[in-house]
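Chemist: My structure is below; once you've seen it, I'll send some questions.
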Amino acid sequence: MTSTETHTPTLSGERADLLDALAKHRFFLRNTTRGLTEEQVAAAPTASSLCLGGLIKHVAHGERQWVDFILAGPSVLASGDKDWDEWDESDYATYHETFRMQPGETLAGVLADYEQVALRTDELLATLDLDAGHPLPRAPWFEPGAHWSARRVLLHIIGETAQHSGHADIIREALDGATSMA
Amino acid sequence: MTSTETGTPTLSGERADLLDALGKHRFFLRFTARELTDEQAAQRPTVSALSLGGLLKHVTDSEEAWVRFIEDGPDAMTGNGKSWAEWTEQDYAEREKTFALQPGETLAGVLARYEEVARRTDELIATVDLDLSQPLPEAPWYAPGTSWSVRRVLMHLVAETAQHSGHADIIREALDGAKSMG
């Protein structure tokens, strides 16, 4: 394993591009919380029930799980021993709680966890076989029989981070008028 | 050039993954405009100045500009013969209009144009040299001296589409309560 201090400059081509895109979009997401209080990052000021702290928790959790999928296959993705197509209402209720800031959780703690998740992904990216893949787990939102390479998972993490970053842009603008883009 | 009817199944590895990710995130964006009237598509129901119709136009224009970058180089990107460094206030005012539905523009027309631009990008992905690297155009929002490979541009398109799709999720929910995700 390449050390975290030196791996970035030595990566070439596709790996460097994936690393750069991941870093950029993680930054956009984190940057929506710049200068905010704990109350603000737990607030849901739009038509959506989402808050900024919960979004970052959700994206960090998603990235960790997708990297587990790259390493170990589909069994690690759904929670417990159930596939998503077996989830009941209480499973979904538990899931939705992960989008909220819980008592004792802080923005600093959430960001530190996200940093750890990102570091692990970036380290793996240096050596991963990007073409190796696994079948996706059964879920109402995946095509039956679909198979994703490690590369496709990383593109998904980029897309997921960016989409939630879009949610975060509007939540931040609703909180105090700050805009992310010109 | 591979035909659009047969291109997808014959693509391998990285090209197929890029095509799949782009297709998926374009779908998420279009999905936020499902069953809306032209009036709804032009509305700006959040704190942001964005409408769904305007977002679709902007993402279409942006994808088209990045394809010009890939095919004709950084100088072709703005589409008006000037580099961004040379843009006047009037050029920026013209660009602002692309973020809103203008009189006579319809959601159907905007979606048809998006489809057309997407088809051309997808055809390009089938054969383009993904490693071809070019300097980014001079612009206030790019670090000077940065070069992007075609692959990096395509990752950016995935993310840009996804980020605007996140904006669109919240705008749609503010319009009529419809959610894109569970």
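Residues in the structure tokens are numbered from 1 in each chain, the chains being A, B, ... in the order shown, and ligands are numbered from 1 in the order shown.
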Taking only C-alpha atoms into account, which residues of chain B are within 10 Å of chain A, as a PyMOL selection string?
Modeler: chain B and resi 13-14+16-18+20-22+24-25+28-29+45-48+50+130-131+133+141+148-153+155-179+181-182
Chemist: What's around region 57-64 of chain A at 8 Å? Count only C-alpha atoms, leave out sequence neighbours fewer than 4 positions away in its own chain, and write the answer as a list of chain:residue names.
Modeler: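 Contacts, with the query itself left out: A:Gly53, A:Asp68, A:Thr98, A:Phe99, A:Val110, A:Asp113, A:Tyr114, A:Val117, A:Ala118, A:Thr121, A:Ile157, A:Glu160, A:Thr161, A:His164.
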Chemist: Which value, in Å to one decimal, gives the distance between CA of Gly54 (chain B) and CA of Trp84 (chain B)?
Modeler: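 It comes out at 21.3 Å.
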Chemist: Rounded to one decimal place, report the CA of Arg34 (chain B)-CA of Glu116 (chain B) distance in Å.
Modeler: 18.5 Å
Chemist: Using only C-alpha atoms, determine which residues lie at most 10 Å from Ala42 (chain A), disregarding the query and same-chain residues fewer than 3 positions distant; provide the list as a PyMOL selection string.
Modeler: chain A and resi 37-39+45+50-55+99-102+105-107
Chemist: What parts of region 23-180 of chain A does DSSP call strand (DSSP E)? I'd like the answer as a list of chain:residue names.
Modeler: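 Answer for region 23-180 of chain A, restricted to strand (DSSP E): A:Gly133, A:His134, A:Pro135, A:His147, A:Trp148, A:Ser149.
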Chemist: Got a sec: who's within 6 Å of region 70-83 of chain B, counting only C-alpha atoms, leaving out chain neighbours fewer than 3 positions off, as a count of residues only?
Modeler: 5
Chemist: Excluding Pro135 (chain A) and residues on its chain fewer than 4 positions from it, collect all residues at most 8 Å away from it, counting only C-alpha atoms, and give them as a PyMOL selection string.
Modeler: chain A and resi 73-74+145-148
Chemist: Take the residues from that selection and write them out as a PDB file, in the first residue's frame, keeping C-alpha atoms.
Modeler:
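Produced file part.pdb, reproduced below:
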```pdb
ATOM      1  CA  GLY A  73     -19.293  -7.941  -2.809  1.00  0.00           C
ATOM      2  CA  PRO A  74     -23.016  -7.305  -2.491  1.00  0.00           C
ATOM      3  CA  GLY A 145     -28.707  -8.924 -12.849  1.00  0.00           C
ATOM      4  CA  ALA A 146     -26.672  -5.704 -13.071  1.00  0.00           C
ATOM      5  CA  HIS A 147     -22.949  -6.001 -12.416  1.00  0.00           C
ATOM      6  CA  TRP A 148     -20.730  -3.070 -11.421  1.00  0.00           C
TER       7      TRP A 148
END
```
Chemist: What does the distance from CA of Leu111 (chain B) to CA of Gln43 (chain B) come to in Å, to one decimal?
Modeler: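 Separation between CA of Leu111 (chain B) and CA of Gln43 (chain B): 16.5 Å.
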